[in-house]
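Below is coords00.cif, holding mmCIF, N, CA and C atoms.
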```
data_my_file
#
loop_
_atom_site.label_atom_id
_atom_site.label_comp_id
_atom_site.auth_asym_id
_atom_site.auth_seq_id
_atom_site.Cartn_x
_atom_site.Cartn_y
_atom_site.Cartn_z
N MET A 1219 -116.15 -48.79 151.87
CA MET A 1219 -117.21 -48.60 152.82
C MET A 1219 -118.33 -47.79 152.17
N ALA A 1220 -119.57 -48.08 152.53
CA ALA A 1220 -120.74 -47.44 151.93
C ALA A 1220 -120.91 -46.03 152.47
N ASP A 1221 -121.39 -45.16 151.60
CA ASP A 1221 -121.62 -43.77 151.96
C ASP A 1221 -122.97 -43.65 152.67
N PRO A 1222 -123.01 -43.12 153.93
CA PRO A 1222 -124.27 -43.02 154.67
C PRO A 1222 -125.32 -42.13 153.98
N VAL A 1223 -124.89 -41.09 153.29
CA VAL A 1223 -125.84 -40.21 152.61
C VAL A 1223 -126.52 -40.96 151.46
N GLU A 1224 -125.72 -41.74 150.74
CA GLU A 1224 -126.28 -42.51 149.62
C GLU A 1224 -127.22 -43.61 150.15
N ASP A 1225 -126.87 -44.22 151.27
CA ASP A 1225 -127.74 -45.22 151.88
C ASP A 1225 -129.07 -44.60 152.31
N ASP A 1226 -129.00 -43.39 152.88
CA ASP A 1226 -130.23 -42.71 153.29
C ASP A 1226 -131.11 -42.39 152.09
N ARG A 1227 -130.50 -41.98 150.98
CA ARG A 1227 -131.26 -41.68 149.76
C ARG A 1227 -131.92 -42.95 149.22
N ALA A 1228 -131.17 -44.04 149.22
CA ALA A 1228 -131.73 -45.30 148.73
C ALA A 1228 -132.88 -45.76 149.62
N LEU A 1229 -132.71 -45.62 150.92
CA LEU A 1229 -133.77 -46.00 151.85
C LEU A 1229 -135.00 -45.11 151.67
N ASP A 1230 -134.81 -43.82 151.46
CA ASP A 1230 -135.92 -42.90 151.22
C ASP A 1230 -136.65 -43.26 149.92
N THR A 1231 -135.90 -43.62 148.90
CA THR A 1231 -136.51 -44.03 147.63
C THR A 1231 -137.34 -45.29 147.82
N LEU A 1232 -136.85 -46.24 148.58
CA LEU A 1232 -137.59 -47.47 148.85
C LEU A 1232 -138.87 -47.18 149.63
N ARG A 1233 -138.81 -46.26 150.58
CA ARG A 1233 -140.02 -45.89 151.34
C ARG A 1233 -141.07 -45.25 150.43
N GLN A 1234 -140.62 -44.38 149.54
CA GLN A 1234 -141.55 -43.75 148.60
C GLN A 1234 -142.19 -44.79 147.69
N MET A 1235 -141.40 -45.74 147.22
CA MET A 1235 -141.94 -46.80 146.37
C MET A 1235 -142.96 -47.65 147.12
N ALA A 1236 -142.67 -47.95 148.38
CA ALA A 1236 -143.61 -48.74 149.20
C ALA A 1236 -144.91 -47.97 149.42
N ALA A 1237 -144.80 -46.66 149.64
CA ALA A 1237 -146.02 -45.85 149.83
C ALA A 1237 -146.85 -45.81 148.55
N LEU A 1238 -146.20 -45.68 147.40
CA LEU A 1238 -146.93 -45.70 146.13
C LEU A 1238 -147.58 -47.06 145.89
N GLN A 1239 -146.87 -48.12 146.23
CA GLN A 1239 -147.44 -49.46 146.05
C GLN A 1239 -148.64 -49.68 146.97
N ALA A 1240 -148.59 -49.12 148.17
CA ALA A 1240 -149.74 -49.23 149.08
C ALA A 1240 -150.95 -48.51 148.50
N ARG A 1241 -150.75 -47.36 147.88
CA ARG A 1241 -151.86 -46.63 147.25
C ARG A 1241 -152.44 -47.45 146.09
N VAL A 1242 -151.59 -48.07 145.32
CA VAL A 1242 -152.06 -48.89 144.20
C VAL A 1242 -152.85 -50.09 144.74
N CYS A 1243 -152.38 -50.70 145.82
CA CYS A 1243 -153.11 -51.83 146.42
C CYS A 1243 -154.49 -51.39 146.89
N TYR A 1244 -154.57 -50.20 147.47
CA TYR A 1244 -155.87 -49.72 147.93
C TYR A 1244 -156.83 -49.51 146.75
N MET A 1245 -156.32 -48.94 145.68
CA MET A 1245 -157.16 -48.75 144.49
C MET A 1245 -157.59 -50.10 143.90
N ASN A 1246 -156.72 -51.09 143.97
CA ASN A 1246 -157.09 -52.43 143.50
C ASN A 1246 -158.23 -53.01 144.33
N VAL A 1247 -158.21 -52.76 145.63
CA VAL A 1247 -159.28 -53.26 146.50
C VAL A 1247 -160.60 -52.58 146.15
N ASP A 1248 -160.57 -51.29 145.84
CA ASP A 1248 -161.79 -50.60 145.40
C ASP A 1248 -162.33 -51.19 144.10
N ARG A 1249 -161.44 -51.45 143.16
CA ARG A 1249 -161.87 -52.05 141.89
C ARG A 1249 -162.42 -53.46 142.10
N THR A 1250 -161.82 -54.20 143.01
CA THR A 1250 -162.31 -55.55 143.30
C THR A 1250 -163.70 -55.50 143.90
N LEU A 1251 -163.94 -54.56 144.81
CA LEU A 1251 -165.28 -54.40 145.38
C LEU A 1251 -166.28 -54.05 144.30
N ALA A 1252 -165.91 -53.17 143.38
CA ALA A 1252 -166.81 -52.81 142.29
C ALA A 1252 -167.13 -54.02 141.42
N THR A 1253 -166.14 -54.85 141.17
CA THR A 1253 -166.35 -56.05 140.35
C THR A 1253 -167.27 -57.03 141.06
N TRP A 1254 -167.05 -57.26 142.33
CA TRP A 1254 -167.92 -58.19 143.07
C TRP A 1254 -169.33 -57.64 143.21
N THR A 1255 -169.46 -56.33 143.36
CA THR A 1255 -170.79 -55.73 143.44
C THR A 1255 -171.53 -55.90 142.12
N ARG A 1256 -170.82 -55.71 141.02
CA ARG A 1256 -171.42 -55.93 139.70
C ARG A 1256 -171.84 -57.39 139.52
N THR A 1257 -171.00 -58.31 139.97
CA THR A 1257 -171.32 -59.74 139.87
C THR A 1257 -172.55 -60.06 140.71
N ALA A 1258 -172.62 -59.52 141.92
CA ALA A 1258 -173.76 -59.77 142.79
C ALA A 1258 -175.04 -59.22 142.18
N LEU A 1259 -174.98 -58.02 141.64
CA LEU A 1259 -176.15 -57.43 141.00
C LEU A 1259 -176.61 -58.26 139.80
N THR A 1260 -175.66 -58.77 139.03
CA THR A 1260 -175.99 -59.62 137.89
C THR A 1260 -176.68 -60.89 138.35
N LEU A 1261 -176.18 -61.53 139.40
CA LEU A 1261 -176.81 -62.74 139.92
C LEU A 1261 -178.22 -62.47 140.44
N ILE A 1262 -178.39 -61.34 141.10
CA ILE A 1262 -179.71 -61.00 141.63
C ILE A 1262 -180.71 -60.79 140.49
N VAL A 1263 -180.31 -60.07 139.47
CA VAL A 1263 -181.21 -59.82 138.34
C VAL A 1263 -181.49 -61.11 137.58
N PHE A 1264 -180.45 -61.91 137.31
CA PHE A 1264 -180.64 -63.16 136.59
C PHE A 1264 -181.49 -64.14 137.41
N GLY A 1265 -181.28 -64.18 138.72
CA GLY A 1265 -182.10 -65.04 139.57
C GLY A 1265 -183.57 -64.64 139.54
N THR A 1266 -183.82 -63.33 139.48
CA THR A 1266 -185.21 -62.86 139.39
C THR A 1266 -185.83 -63.28 138.06
N VAL A 1267 -185.07 -63.17 136.99
CA VAL A 1267 -185.57 -63.57 135.67
C VAL A 1267 -185.84 -65.08 135.64
N VAL A 1268 -184.92 -65.87 136.19
CA VAL A 1268 -185.11 -67.32 136.23
C VAL A 1268 -186.34 -67.67 137.05
N ASP A 1269 -186.51 -67.02 138.18
CA ASP A 1269 -187.65 -67.30 139.04
C ASP A 1269 -188.97 -66.95 138.36
N ARG A 1270 -189.02 -65.80 137.73
CA ARG A 1270 -190.28 -65.34 137.14
C ARG A 1270 -190.61 -66.01 135.81
N TYR A 1271 -189.61 -66.33 135.01
CA TYR A 1271 -189.89 -66.82 133.67
C TYR A 1271 -189.56 -68.29 133.46
N GLY A 1272 -189.09 -68.98 134.48
CA GLY A 1272 -188.84 -70.41 134.39
C GLY A 1272 -187.79 -70.78 133.37
N LEU A 1273 -186.65 -70.11 133.39
CA LEU A 1273 -185.63 -70.35 132.37
C LEU A 1273 -184.74 -71.56 132.63
N LEU A 1274 -184.87 -72.19 133.79
CA LEU A 1274 -183.98 -73.31 134.08
C LEU A 1274 -184.45 -74.63 133.48
N LEU A 1275 -185.65 -74.70 133.05
CA LEU A 1275 -186.18 -75.97 132.58
C LEU A 1275 -185.94 -76.16 131.09
N LEU A 1276 -185.40 -77.32 130.76
CA LEU A 1276 -185.21 -77.67 129.36
C LEU A 1276 -186.24 -78.70 128.93
N ARG A 1277 -187.17 -78.97 129.76
CA ARG A 1277 -188.21 -79.95 129.44
C ARG A 1277 -189.58 -79.28 129.60
N ASP A 1278 -190.61 -80.04 129.36
CA ASP A 1278 -191.95 -79.49 129.49
C ASP A 1278 -192.22 -79.08 130.93
N HIS A 1279 -193.08 -78.11 131.06
CA HIS A 1279 -193.44 -77.63 132.39
C HIS A 1279 -194.24 -78.68 133.15
N PHE A 1280 -194.13 -78.60 134.47
CA PHE A 1280 -194.96 -79.45 135.32
C PHE A 1280 -196.41 -79.03 135.16
N PRO A 1281 -197.32 -79.92 135.48
CA PRO A 1281 -198.71 -79.45 135.55
C PRO A 1281 -198.77 -78.30 136.56
N HIS A 1282 -199.65 -77.39 136.31
CA HIS A 1282 -199.68 -76.17 137.11
C HIS A 1282 -199.82 -76.48 138.60
N VAL A 1283 -198.85 -75.99 139.35
CA VAL A 1283 -198.85 -76.14 140.81
C VAL A 1283 -198.73 -74.75 141.39
N GLY A 1284 -199.55 -74.42 142.34
CA GLY A 1284 -199.45 -73.11 142.98
C GLY A 1284 -200.27 -72.06 142.25
N THR A 1285 -199.74 -70.85 142.25
CA THR A 1285 -200.48 -69.73 141.65
C THR A 1285 -199.90 -69.40 140.29
N ARG A 1286 -200.54 -68.49 139.60
CA ARG A 1286 -200.03 -68.05 138.31
C ARG A 1286 -198.71 -67.27 138.46
N LEU A 1287 -198.47 -66.75 139.65
CA LEU A 1287 -197.24 -66.00 139.88
C LEU A 1287 -196.02 -66.89 140.10
N SER A 1288 -196.24 -68.15 140.38
CA SER A 1288 -195.10 -69.07 140.51
C SER A 1288 -195.29 -70.20 139.51
N PRO A 1289 -194.83 -70.01 138.29
CA PRO A 1289 -195.12 -70.96 137.24
C PRO A 1289 -194.43 -72.30 137.39
N ASN A 1290 -193.28 -72.36 138.03
CA ASN A 1290 -192.55 -73.61 138.10
C ASN A 1290 -191.73 -73.68 139.38
N PRO A 1291 -191.93 -74.71 140.20
CA PRO A 1291 -191.21 -74.77 141.48
C PRO A 1291 -189.71 -74.96 141.31
N VAL A 1292 -189.27 -75.67 140.29
CA VAL A 1292 -187.83 -75.88 140.10
C VAL A 1292 -187.14 -74.56 139.72
N SER A 1293 -187.75 -73.83 138.82
CA SER A 1293 -187.18 -72.54 138.44
C SER A 1293 -187.23 -71.55 139.60
N SER A 1294 -188.30 -71.61 140.39
CA SER A 1294 -188.38 -70.72 141.55
C SER A 1294 -187.26 -71.00 142.53
N ALA A 1295 -186.99 -72.27 142.77
CA ALA A 1295 -185.90 -72.63 143.70
C ALA A 1295 -184.55 -72.20 143.14
N GLY A 1296 -184.33 -72.40 141.85
CA GLY A 1296 -183.06 -71.97 141.23
C GLY A 1296 -182.90 -70.48 141.25
N GLY A 1297 -183.97 -69.75 140.95
CA GLY A 1297 -183.91 -68.30 140.97
C GLY A 1297 -183.66 -67.75 142.36
N LEU A 1298 -184.34 -68.33 143.35
CA LEU A 1298 -184.12 -67.90 144.74
C LEU A 1298 -182.69 -68.17 145.17
N LEU A 1299 -182.13 -69.29 144.75
CA LEU A 1299 -180.75 -69.62 145.09
C LEU A 1299 -179.79 -68.60 144.47
N LEU A 1300 -180.02 -68.24 143.21
CA LEU A 1300 -179.16 -67.25 142.57
C LEU A 1300 -179.24 -65.88 143.26
N VAL A 1301 -180.44 -65.47 143.62
CA VAL A 1301 -180.60 -64.19 144.33
C VAL A 1301 -179.90 -64.25 145.69
N ALA A 1302 -180.06 -65.36 146.40
CA ALA A 1302 -179.41 -65.50 147.71
C ALA A 1302 -177.89 -65.48 147.59
N ILE A 1303 -177.35 -66.12 146.57
CA ILE A 1303 -175.90 -66.09 146.35
C ILE A 1303 -175.45 -64.66 146.04
N GLY A 1304 -176.23 -63.93 145.24
CA GLY A 1304 -175.89 -62.54 144.95
C GLY A 1304 -175.87 -61.67 146.19
N VAL A 1305 -176.85 -61.87 147.07
CA VAL A 1305 -176.89 -61.11 148.33
C VAL A 1305 -175.68 -61.45 149.19
N PHE A 1306 -175.35 -62.74 149.27
CA PHE A 1306 -174.19 -63.16 150.06
C PHE A 1306 -172.90 -62.55 149.51
N ILE A 1307 -172.74 -62.56 148.20
CA ILE A 1307 -171.53 -61.99 147.59
C ILE A 1307 -171.43 -60.50 147.88
N ALA A 1308 -172.53 -59.77 147.77
CA ALA A 1308 -172.51 -58.33 148.04
C ALA A 1308 -172.13 -58.04 149.49
N ILE A 1309 -172.71 -58.80 150.42
CA ILE A 1309 -172.40 -58.59 151.84
C ILE A 1309 -170.95 -58.95 152.15
N ALA A 1310 -170.50 -60.09 151.64
CA ALA A 1310 -169.13 -60.53 151.92
C ALA A 1310 -168.11 -59.56 151.33
N ALA A 1311 -168.35 -59.09 150.11
CA ALA A 1311 -167.41 -58.15 149.49
C ALA A 1311 -167.38 -56.82 150.24
N ALA A 1312 -168.54 -56.35 150.68
CA ALA A 1312 -168.58 -55.08 151.43
C ALA A 1312 -167.84 -55.20 152.76
N ILE A 1313 -168.03 -56.31 153.45
CA ILE A 1313 -167.36 -56.51 154.73
C ILE A 1313 -165.85 -56.61 154.55
N ARG A 1314 -165.42 -57.37 153.54
CA ARG A 1314 -163.97 -57.49 153.29
C ARG A 1314 -163.36 -56.14 152.93
N HIS A 1315 -164.08 -55.36 152.15
CA HIS A 1315 -163.58 -54.04 151.77
C HIS A 1315 -163.42 -53.16 153.00
N GLN A 1316 -164.41 -53.16 153.89
CA GLN A 1316 -164.33 -52.34 155.11
C GLN A 1316 -163.18 -52.79 156.00
N ARG A 1317 -162.97 -54.08 156.10
CA ARG A 1317 -161.87 -54.58 156.94
C ARG A 1317 -160.52 -54.16 156.36
N TYR A 1318 -160.38 -54.27 155.03
CA TYR A 1318 -159.12 -53.86 154.41
C TYR A 1318 -158.91 -52.35 154.58
N LYS A 1319 -159.99 -51.58 154.41
CA LYS A 1319 -159.88 -50.13 154.54
C LYS A 1319 -159.43 -49.75 155.95
N ALA A 1320 -159.99 -50.42 156.97
CA ALA A 1320 -159.59 -50.12 158.35
C ALA A 1320 -158.12 -50.48 158.58
N THR A 1321 -157.69 -51.61 158.05
CA THR A 1321 -156.28 -52.01 158.19
C THR A 1321 -155.37 -51.03 157.47
N TRP A 1322 -155.77 -50.60 156.28
CA TRP A 1322 -154.95 -49.66 155.51
C TRP A 1322 -154.84 -48.33 156.23
N HIS A 1323 -155.96 -47.85 156.81
CA HIS A 1323 -155.92 -46.57 157.52
C HIS A 1323 -155.04 -46.65 158.76
N ARG A 1324 -155.05 -47.79 159.43
CA ARG A 1324 -154.16 -47.94 160.60
C ARG A 1324 -152.70 -47.91 160.18
N ALA A 1325 -152.38 -48.51 159.04
CA ALA A 1325 -150.99 -48.60 158.61
C ALA A 1325 -150.49 -47.32 157.94
N TYR A 1326 -151.33 -46.66 157.13
CA TYR A 1326 -150.86 -45.55 156.32
C TYR A 1326 -151.55 -44.22 156.60
N GLY A 1327 -152.55 -44.21 157.45
CA GLY A 1327 -153.27 -42.98 157.74
C GLY A 1327 -154.30 -42.68 156.66
N ARG A 1328 -155.12 -41.69 156.91
CA ARG A 1328 -156.17 -41.31 155.94
C ARG A 1328 -155.56 -40.53 154.79
N ASP A 1329 -156.03 -40.85 153.61
CA ASP A 1329 -155.58 -40.15 152.41
C ASP A 1329 -156.79 -39.48 151.78
N LYS A 1330 -156.79 -38.18 151.76
CA LYS A 1330 -157.96 -37.42 151.27
C LYS A 1330 -158.19 -37.61 149.77
N THR A 1331 -157.18 -38.06 149.04
CA THR A 1331 -157.35 -38.18 147.58
C THR A 1331 -158.23 -39.36 147.20
N PHE A 1332 -158.54 -40.28 148.13
CA PHE A 1332 -159.37 -41.43 147.79
C PHE A 1332 -160.86 -41.17 147.97
N GLY A 1333 -161.26 -40.14 148.73
CA GLY A 1333 -162.66 -39.93 149.02
C GLY A 1333 -163.47 -39.59 147.78
N PRO A 1334 -164.74 -39.49 147.79
CA PRO A 1334 -165.66 -39.89 148.84
C PRO A 1334 -165.81 -41.41 148.90
N TRP A 1335 -166.20 -41.91 150.02
CA TRP A 1335 -166.25 -43.36 150.24
C TRP A 1335 -167.62 -43.89 149.82
N LEU A 1336 -167.84 -44.02 148.54
CA LEU A 1336 -169.13 -44.47 148.04
C LEU A 1336 -169.16 -45.97 147.73
N ALA A 1337 -168.03 -46.62 147.71
CA ALA A 1337 -167.98 -48.03 147.33
C ALA A 1337 -168.79 -48.90 148.30
N PHE A 1338 -168.59 -48.69 149.58
CA PHE A 1338 -169.31 -49.50 150.56
C PHE A 1338 -170.82 -49.24 150.53
N PRO A 1339 -171.29 -47.98 150.47
CA PRO A 1339 -172.74 -47.78 150.38
C PRO A 1339 -173.37 -48.41 149.13
N PHE A 1340 -172.67 -48.40 148.01
CA PHE A 1340 -173.21 -49.04 146.81
C PHE A 1340 -173.33 -50.54 147.02
N ALA A 1341 -172.30 -51.17 147.58
CA ALA A 1341 -172.35 -52.61 147.83
C ALA A 1341 -173.45 -52.94 148.84
N ALA A 1342 -173.56 -52.13 149.88
CA ALA A 1342 -174.62 -52.36 150.87
C ALA A 1342 -176.00 -52.15 150.24
N GLY A 1343 -176.12 -51.18 149.35
CA GLY A 1343 -177.39 -50.96 148.66
C GLY A 1343 -177.77 -52.14 147.78
N VAL A 1344 -176.80 -52.73 147.10
CA VAL A 1344 -177.07 -53.92 146.29
C VAL A 1344 -177.51 -55.07 147.19
N ALA A 1345 -176.88 -55.22 148.36
CA ALA A 1345 -177.28 -56.28 149.29
C ALA A 1345 -178.70 -56.06 149.80
N VAL A 1346 -179.05 -54.83 150.12
CA VAL A 1346 -180.41 -54.53 150.59
C VAL A 1346 -181.42 -54.76 149.48
N LEU A 1347 -181.10 -54.32 148.27
CA LEU A 1347 -181.98 -54.55 147.12
C LEU A 1347 -182.18 -56.05 146.89
N GLY A 1348 -181.10 -56.81 146.95
CA GLY A 1348 -181.20 -58.25 146.76
C GLY A 1348 -182.02 -58.92 147.85
N ALA A 1349 -181.84 -58.49 149.08
CA ALA A 1349 -182.62 -59.07 150.18
C ALA A 1349 -184.10 -58.74 150.01
N ALA A 1350 -184.41 -57.53 149.58
CA ALA A 1350 -185.81 -57.15 149.34
C ALA A 1350 -186.41 -57.99 148.21
N ILE A 1351 -185.65 -58.19 147.15
CA ILE A 1351 -186.14 -59.02 146.04
C ILE A 1351 -186.32 -60.46 146.49
N LEU A 1352 -185.39 -60.96 147.30
CA LEU A 1352 -185.50 -62.33 147.81
C LEU A 1352 -186.76 -62.50 148.64
N VAL A 1353 -187.03 -61.55 149.52
CA VAL A 1353 -188.26 -61.61 150.33
C VAL A 1353 -189.49 -61.52 149.44
N LEU A 1354 -189.46 -60.64 148.47
CA LEU A 1354 -190.60 -60.49 147.55
C LEU A 1354 -190.84 -61.78 146.77
N LEU A 1355 -189.78 -62.39 146.28
CA LEU A 1355 -189.94 -63.65 145.54
C LEU A 1355 -190.44 -64.77 146.44
N LEU A 1356 -189.98 -64.79 147.68
CA LEU A 1356 -190.46 -65.83 148.61
C LEU A 1356 -191.96 -65.63 148.92
N VAL A 1357 -192.38 -64.38 149.02
CA VAL A 1357 -193.79 -64.10 149.29
C VAL A 1357 -194.64 -64.47 148.08
N LEU A 1358 -194.13 -64.17 146.87
CA LEU A 1358 -194.90 -64.48 145.67
C LEU A 1358 -195.00 -65.97 145.38
N VAL A 1359 -194.06 -66.76 145.90
CA VAL A 1359 -194.10 -68.19 145.65
C VAL A 1359 -195.30 -68.81 146.35
N GLN A 1360 -195.67 -68.27 147.49
CA GLN A 1360 -196.75 -68.88 148.26
C GLN A 1360 -198.09 -68.48 147.78
#
```

Please render this file's structure as structure tokens.
Amino acid sequence: MADPVEDDRALDTLRQMAALQARVCYMNVDRTLATWTRTALTLIVFGTVVDRYGLLLLRDHFPHVGTRLSPNPVSSAGGLLLVAIGVFIAIAAAIRHQRYKATWHRAYGRDKTFGPWLAFPFAAGVAVLGAAILVLLLVLVQ
């Protein structure tokens, strides 16, 4: 027959391991948000460069259409699309992070060792920056 004291120790060890694994999962979610924020920022910057410098074209430029600030309509559309995708990625990653954080807090309680909570403001800042650049590029196209 099994010893109840030994069973309690084994169960306590399993609980401690589960709590440590939950902390590791939370840190993984923070790293994932940082990675997606970096990806979104890269797309926003690259989209701006494509829009302004016409890097998508491998052929001769169209005859000049529009203003000097919008050198090529195809590159402008591609650049705007890249910036919009970057904004979408930043917003989606920030929302998913907040939802996971709320679920984690309900299940495990607040852990003071993870603060300060700067990951979400950085992702939101990248989304706001991208939206401002998108609006600016749309205004400059006209």

Would you mind writing down, as JSON, numbers by chain, each residue of chain A that DSSP on the backbone assigns to helix (DSSP H, G or I)?
-> {"A": [1222, 1223, 1224, 1225, 1226, 1227, 1228, 1229, 1230, 1231, 1232, 1233, 1234, 1235, 1236, 1237, 1238, 1239, 1240, 1241, 1242, 1243, 1244, 1245, 1246, 1247, 1248, 1249, 1250, 1251, 1252, 1253, 1254, 1255, 1256, 1257, 1258, 1259, 1260, 1261, 1262, 1263, 1264, 1265, 1266, 1267, 1268, 1269, 1270, 1271, 1291, 1292, 1293, 1294, 1295, 1296, 1297, 1298, 1299, 1300, 1301, 1302, 1303, 1304, 1305, 1306, 1307, 1308, 1309, 1310, 1311, 1312, 1313, 1314, 1315, 1316, 1317, 1318, 1319, 1320, 1321, 1322, 1323, 1324, 1325, 1326, 1330, 1331, 1332, 1337, 1338, 1339, 1340, 1341, 1342, 1343, 1344, 1345, 1346, 1347, 1348, 1349, 1350, 1351, 1352, 1353, 1354, 1355, 1356, 1357, 1358, 1359]}

Run the PyMOL selection byres (((chain A and resi 1240-1250 and name CA) around 9) and name CA) on the file and write out the hits as a PyMOL selection string.
-> chain A and resi 1235-1239+1251-1255+1311+1315+1318-1319+1322+1326+1332+1337

Looking at only C-alpha atoms, which of A:Gly1327, A:Gly1272, A:Gly1348, A:Gly1343 is the one that sits closest to Val1301 (chain A)?
->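 Closest to Val1301 (chain A) of all the choices is A:Gly1348.
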
Atomic distance CA of Arg1328 (chain A) - CA of Gln1234 (chain A), expressed in Å with one decimal | 16.5 Å

Between CA of Arg1314 (chain A) and CA of Asp1329 (chain A), what is the spacing in Å?
->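 CA of Asp1329 (chain A) sits 19.3 Å away from CA of Arg1314 (chain A).
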
I would like the residues chosen by the PyMOL selection byres ((chain A and resi 1345) around 7) on the shown file; could you give them as a ChimeraX atom specification?
-> /A:1304-1306,1308-1309,1340-1344,1346-1350

Write out, as a CSV table (one decimal), in the frame of the given file, the residues just selected, with N, CA and C atoms.
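Final output, saved to out-v9.csv:
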```
chain,number,residue,atom,x,y,z
A,1304,GLY,N,-176.2,-63.9,145.2
A,1304,GLY,CA,-175.9,-62.5,145.0
A,1304,GLY,C,-175.9,-61.7,146.2
A,1305,VAL,N,-176.8,-61.9,147.1
A,1305,VAL,CA,-176.9,-61.1,148.3
A,1305,VAL,C,-175.7,-61.4,149.2
A,1306,PHE,N,-175.4,-62.7,149.3
A,1306,PHE,CA,-174.2,-63.2,150.1
A,1306,PHE,C,-172.9,-62.6,149.5
A,1308,ALA,N,-172.5,-59.8,147.8
A,1308,ALA,CA,-172.5,-58.3,148.0
A,1308,ALA,C,-172.1,-58.0,149.5
A,1309,ILE,N,-172.7,-58.8,150.4
A,1309,ILE,CA,-172.4,-58.6,151.8
A,1309,ILE,C,-171.0,-59.0,152.2
A,1340,PHE,N,-172.7,-48.4,148.0
A,1340,PHE,CA,-173.2,-49.0,146.8
A,1340,PHE,C,-173.3,-50.5,147.0
A,1341,ALA,N,-172.3,-51.2,147.6
A,1341,ALA,CA,-172.4,-52.6,147.8
A,1341,ALA,C,-173.4,-52.9,148.8
A,1342,ALA,N,-173.6,-52.1,149.9
A,1342,ALA,CA,-174.6,-52.4,150.9
A,1342,ALA,C,-176.0,-52.2,150.2
A,1343,GLY,N,-176.1,-51.2,149.4
A,1343,GLY,CA,-177.4,-51.0,148.7
A,1343,GLY,C,-177.8,-52.1,147.8
A,1344,VAL,N,-176.8,-52.7,147.1
A,1344,VAL,CA,-177.1,-53.9,146.3
A,1344,VAL,C,-177.5,-55.1,147.2
A,1346,VAL,N,-179.0,-54.8,150.1
A,1346,VAL,CA,-180.4,-54.5,150.6
A,1346,VAL,C,-181.4,-54.8,149.5
A,1347,LEU,N,-181.1,-54.3,148.3
A,1347,LEU,CA,-182.0,-54.6,147.1
A,1347,LEU,C,-182.2,-56.0,146.9
A,1348,GLY,N,-181.1,-56.8,147.0
A,1348,GLY,CA,-181.2,-58.2,146.8
A,1348,GLY,C,-182.0,-58.9,147.8
A,1349,ALA,N,-181.8,-58.5,149.1
A,1349,ALA,CA,-182.6,-59.1,150.2
A,1349,ALA,C,-184.1,-58.7,150.0
A,1350,ALA,N,-184.4,-57.5,149.6
A,1350,ALA,CA,-185.8,-57.2,149.3
A,1350,ALA,C,-186.4,-58.0,148.2
```

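Among the candidates A:Ala1228, A:Ala1325, A:Ile1351, A:Val1357, the residue lying nearest to Thr1266 (chain A) is A:Ile1351 (atoms considered: only N, CA and C atoms).
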
Do you have the CA of Asp1269 (chain A)-CA of Leu1356 (chain A) distance handy?
-> 10.1 Å

Mind giving me the axis-aligned box for region 1237-1246 of chain A with 4 Å on every side, centre plus edges in Å to one decimal, as lines of an AutoDock Vina configuration file?
```
center_x = -151.5
center_y = -49.3
center_z = 146.7
size_x = 21.4
size_y = 15.3
size_z = 14.3
```
